[in-house]
Structures are given as structure tokens and as C-alpha cells.
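Here is the structure we will look at, set down as C-alpha cells.
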Amino acid sequence: MTESGRADVADERLRHSRRLDWRFLLDEPTLGSVLLSAGEGSDLGDALRAIAGSVRSLDGPAGAGGSGPPAGVIVLERPGRSTLARAVDAVPPGGWLVVELDGPLFRHEGRWRVGPAGGAVRMARRLRAAGLDAVSTHLAWPDHGSPTALVPLDGPTALAAMLARREHRWIARAARRLGPLVARARLPQLVAPATIVLARRPYAGRDRLPSDAGWLAARLAASPDTASGTSPGAPEVLLLTPRYRASAHVVGLALDLADPEAGPARVVKAARLPDGGGSLAREAAALRQVEPMLGVTGHAPRVIGLGTDAGVPYLVETGLAGRALDPATVRRDPRAAADAIRAFVARLPVTATAAGEERPFERLVSPAWHAVSSLVAGRSAPEDLGGIGERLIRSAASARLPTVVEHGDLAHPNLLLAEDGRLAAVDWERAETAGLPLHDLVMGLAYVCAAARGARTPSDQAAAFTEALTGSDPWAGAIVDAELDRLGIARHLRGALLIAPWLRTAAWLAERTATDWLVTDRSIALARAMLRVSDLAGGDRPS
């Protein structure tokens with residue numbers, strides 16, 4: 001299979017796995033044998049058939065009694081009474097029933113439709129009456145097909161935390177005040193547009209198991225913080241399900257019930273697929289290296305635990321408190337945001353000198369260049385990503401450069417402003433412990449430029465960054481040049497170091513996403529723009 005074909009397969013597997021993020025609320029996220037009742041052509045059915053070990057139809061002629069291994073999980077989509085009764089009877093001891101329900105107003109096949117109010121409340125009552133335990137209800141926000149969060153509807157702190165993540169300040173303030181009250185009144189269960197009800201058949205001879213809170217919560221509770229010697233017990237968990245196309249993890253936030261505004265007490269990241277643990281190990285390695293500079297001051301997470309459970313790699317970290325450096329905050333003072341990013345980058349350790357690392361550019365960028373140039377072959381104008389790019393890359397490939405600890409994706413939503421006003425960063429999964437200088441600075445400045453202008457399309461984002469580098473007020477260019485001087489890097493390498501972050505980002509995406517989507521990504525637009533900037537900057541013109 002070609003590299004492009006492997007990327008397309010990885011993209012499809014991740015797409016299907018994202019549809020099933022509720023599995024991290026069960027005892028184990030791995031789905032073995034599943035019984036399913038869903039509508040014809042359901043995306044739920046497609047996802048289960050792609051990810052689960054085996055899938056049989058509860059509605060077929062054989063039904064629950066058909067051949068094959070016992071079904072440990074039974075999944076229902078908008079079930080009727082008779083289907084629900086058969087499903088409850090089929091749940092084995094220790095097995096789970098997962099029911100996806102619509103609210104009074106729900107979105108289906110691109111249209112808003114009216115459904116029965118209070119479905120989750122009634123369903124939970126029925127399942128308890130049928131003898132199932134560990135019954136819980138969750139809001140799938142905003143819908144079942146592409147939720148960004150799964151929120152326990154009987155968890156006032158989690159509901160308030162989810163609402164407080166909105167960018168608009170008034171929503172966050174209202175959530176902190178009213179979220180717990182609204183949750184205790186059970187209003188969300190009555191009006192939620194999409195809900196999931198989970199229930200388990202008790203094990204023979206045992207009414208409860210320690211894992212009643214689910215796999216994700218159990219990982220948080222079972223990981224003591226060696227620095228403080230504490231463990232949070234069974235926390236209230238907000239499950240975030242990132243929809244970014246290359247996102248390979250789900251994120252669980254363990255919330256401080258005593259102080260909901262303090263931010264998560266700790267965070268667990270779990271790989272959606274068994275082969276997704278490599279980036280978690282890299283993240284842990286980078287966090288351990290920056291801990292003396294950033295972890296002890298609360299500007300980067302500290303590692304609590306790294307491991308694999310039930311075949312699923314996971315990483316537990318401390319949570320960070322702070323206010324998101326979101327586009328609205330950047331627009332209020334773009335230069336202050338840029339200064340915060342510059343100061344953060346200056347605190348990252350230099351991990352090798354020119355003598356200690358012969359050719360970091362060749363190691364990190366040259367393979368990315370070949371991957372990207374092959375990817376866009378025949379899809380770009382001759383002057384873009386053409387001969388000039390190859391000459392530029394060659395000019396820097398043999399350069400001796402210092403290496404640095406690199407966050408890898410210094411942009412929203414990974415940036416927070418801590419209480420002391422300094423920048424903090426989460427989500428280090430693209431980190432490098434021997435990374436390339438200027439990578440984080442360039443990505444952070446590009447984000448500030450795009451946010452300040454309200455630029456949303458790749459071409460507009462590239463234009464905003466280009467203007468700040470080479471326009472009438474090249475303030476971003478001045479910051480870049482100052483960083484070159486701080487690290488003792490020759491100015492003729494400026495152009496190559498401006499394009500390197502976007503080539504590496506595009507290559508990283510190319511390993512994980514479908515090619516047809518990637519060629520329209522902003523990384524390609526910014527790579528082309530930086531090539532043109534390099535060609536216009538006299539000292540950077542390749543010979």
C-alpha cells in the first residue's frame with residue numbers, strides 16, 4: 001500500500017473511532033462482540049463494524065441468540081419498547097447496554113426534528129427497574145454524529161465546566177453561576193438534543209464494582225500524584241472528544257468539586273486506537289524535560305502516569321488553571337499576545353548546541369519536504385513548492401543549529417493565560433525534545449496574526465502572517481529576527497526556518513489524514529506564503 005493509501009486508511013479508522021467515544025465511559029473502551037439495533041445506513045452501525053471485534057444485529061432473525069461469542073455490549077439507536085425489552089433481556093452479567101436517544105429538538109440527516117421530551121429520564125428509570133445498575137445519562141453535545149463533549153447530566157460541575165468553555169465571556173460567567181443549579185433541577189435531561197444512557201447488568205454475586213465510574217474516571221482515580229502524594233478518588237469527569245481531523249485521543253478532565261472555577265484537577269488523555277500511544281510517550285518525555293522551567297510554575301502540565309490498560313495507551317497529567325488565549329482575547333491586544341508567546345518560547349530549554357547536533361534541519365525537515373512535495377505534485381502552481389523550495393531546503397540542510405524542546409502546536413486551543421499573566425500551554429502530543437528553533441515562535445505568531453484579523457480561510461491566514469512579516473509594520477518579522485539573534489542563528493537561515501513549521505505540520509497530517517483534504521489545509525497555504533517571503537527577502541534568496 002502506498003503512503004497516501006495508508007494515510008487514507010488511518011483517516012477512515014479515526015473517523016469511525018470518533019463516533020464511538022462513549023466507549024471510554026464503559027468498564028473497558030475496547031469493543032469485542034456487539035449486538036446492534038440501528039436504522040439502515042446508520043453511521044453508528046458503520047463505525048461499530050469498523051472498530052468492534054464483531055457486530056450482529058439484534059433485529060435480525062437470529063437476534064441475541066444467534067451464533068457467535070456472547071455480546072458484551074448492546075447498542076441501541078432510538079429503540080422502541082419491544083426492542084428495548086429484548087435488549088435488556090440479552091445483556092449478560094457484567095455486560096453493558098448503550099442507548100442513544102434524541103431530545104425534544106434534535107438534528108437528523110441535516111434537518112431539525114421534534115422528538116419526545118424527557119427521554120433520558122424515562123429510559124434511566126426503566127433500566128433501573130429492569131435490574132440494571134451503574135445507570136448514567138450523558139449529554140452528547142451538540143449531537144451524536146459529531147459530539148465535542150460527553151457531559152454527565154447528573155454532574156453539575158461538569159455541566160458548568162462544559163458551558164464555561166464557550167469563548168463568549170458572558171456564557172462562561174452565566175455557566176459558573178447557573179450551571180450547578182440547572183443540573184440539579186434535571187432541566188438538561190429534559191431538553192438535551194442528544195443523550196446517551198448507559199447501564200450494566202450486575203456481575204453474579206456482586207452489586208457494585210470499583211469501575212462504576214467508567215474506564216476514563218478509573219484511570220484518573222488510580223493514578224496517585226507522586227509530587228503531592230494525593231489521589232482524587234472518584235472524580236466528576238468531563239469527557240472532551242476533539243473533532244480535529246487528525247486528533248487521535250479523547251481527553252477526560254477530573255473536576256475539582258470544591259472549586260469548579262479552579263480548572264481541572266488532573267487530565268487523562270487516552271488513545272482512540274491501540275496504535276496511538278507514540279505521541280503520548282513523546283508528550284510525557286517533553287513534559288518531564290520542561291518541568292523545572294514550566295511544570296513547577298503551572299505553565300505546563302506535570303506527568304502523573306503513563307501506561308496502557310485494557311489495550312488502550314493513556315497519559316495522566318496535572319490540570320492547568322488559566323484563561324484561554326482565544327481569538328477574542330488576541331483581538332483585544334495582539335501585541336500583548338505575541339509578547340506572551342515570545343516569553344514562553346524563551347523559557348523552553350535549549351537541549352543541544354551546534355556541536356552536539358550536526359544537522360537537525362536535515363533530520364526534521366528534509367523528510368517532511370519530500371513528503372509534502374510528493375503530496376502536492378501536479379496540484380500547485382509551478383512557482384509554489386517548486387524549485388525554489390528545494391533550493392531553500394538544501395541551503396539549510398547541512399546547517400549546524402541548536403535544538404530546543406518544542407511544543408509543536410503553539411496555537412488555540414492549546415494556550416492559556418495563567419493567573420500571573422504569563423502563557424501556559426497544554427496538549428504537547430506533537431512535542432520534540434530535540435526540536436527545531438523558531439518552530440513554536442512561528443506557529444504562535446501566525447496564530448496571533450490570523451486571530452487579530454479574524455482570518456478564517458487558509459489564504460487569509462497566510463496573508464495576515466505575510467503582512468506582519470514583510471508589510472509596512474513588520475512587527476512579527478522583528479520578533480523572528482530577535483529570536484535568531486538570541487539563539488545565535490545566522491540570518492540567511494531565516495527563510496528556511498519560516499517554512500519548516502508548515503512543511504512539518506503538513507507532513508504530520510499526511511501520515512494521518514486523507515490526501516484530498518490535506519492539500520487545502522492552512523499548512524500548505526502558509527508553506528507557499530513563506531516560500532514567497534523567503535524569495536523576497538534579499539538575504540534569504542537561495543543561490
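Identifiers for the C-alpha cells are assigned positionally: chains receive A, B, ... in sequence, residues are indexed from 1 per chain, and ligands are indexed from 1 in the order shown.
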
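All residues of protein, DNA or RNA that reach within 7 Å of Leu503 of chain A, judged by only C-alpha atoms and not counting those fewer than 2 positions away in the chain, are A:Ala368, A:Trp369, A:Val372, A:Ile499, A:Ala500, A:Pro501, A:Thr505, A:Ala506, A:Ala507, A:Ala527.
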
Show me, as a ChimeraX atom specification, the residues that have an atom within 10 Å of Leu127 of chain A when counting only C-alpha atoms, minus same-chain residues fewer than 4 positions from it. /A:84-85,88,97,122-123,131-135,197-201

Would you mind listing what lies within 6 Å of segment 343-352 of chain A as a PyMOL selection string, with only C-alpha atoms counted and same-chain residues fewer than 2 positions away left out? chain A and resi 340-341+356+402-405

Pick the closest to Ala10 of chain A from A:Leu509, A:Ala285, A:Ala462, A:Ala87: which is it, counting only C-alpha atoms? A:Leu509

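Separating atom CA of Leu410 of chain A from atom CA of Arg522 of chain A is a distance of 14.8 Å.
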
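Proximity of A:Leu497, A:Ala510, A:Ala246, A:Leu526 to Ser459 of chain A, computed with only C-alpha atoms, is greatest for A:Leu526.
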
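Taking atom CA of Arg266 of chain A and atom CA of Ala281 of chain A as endpoints, the distance between them is 17.6 Å.
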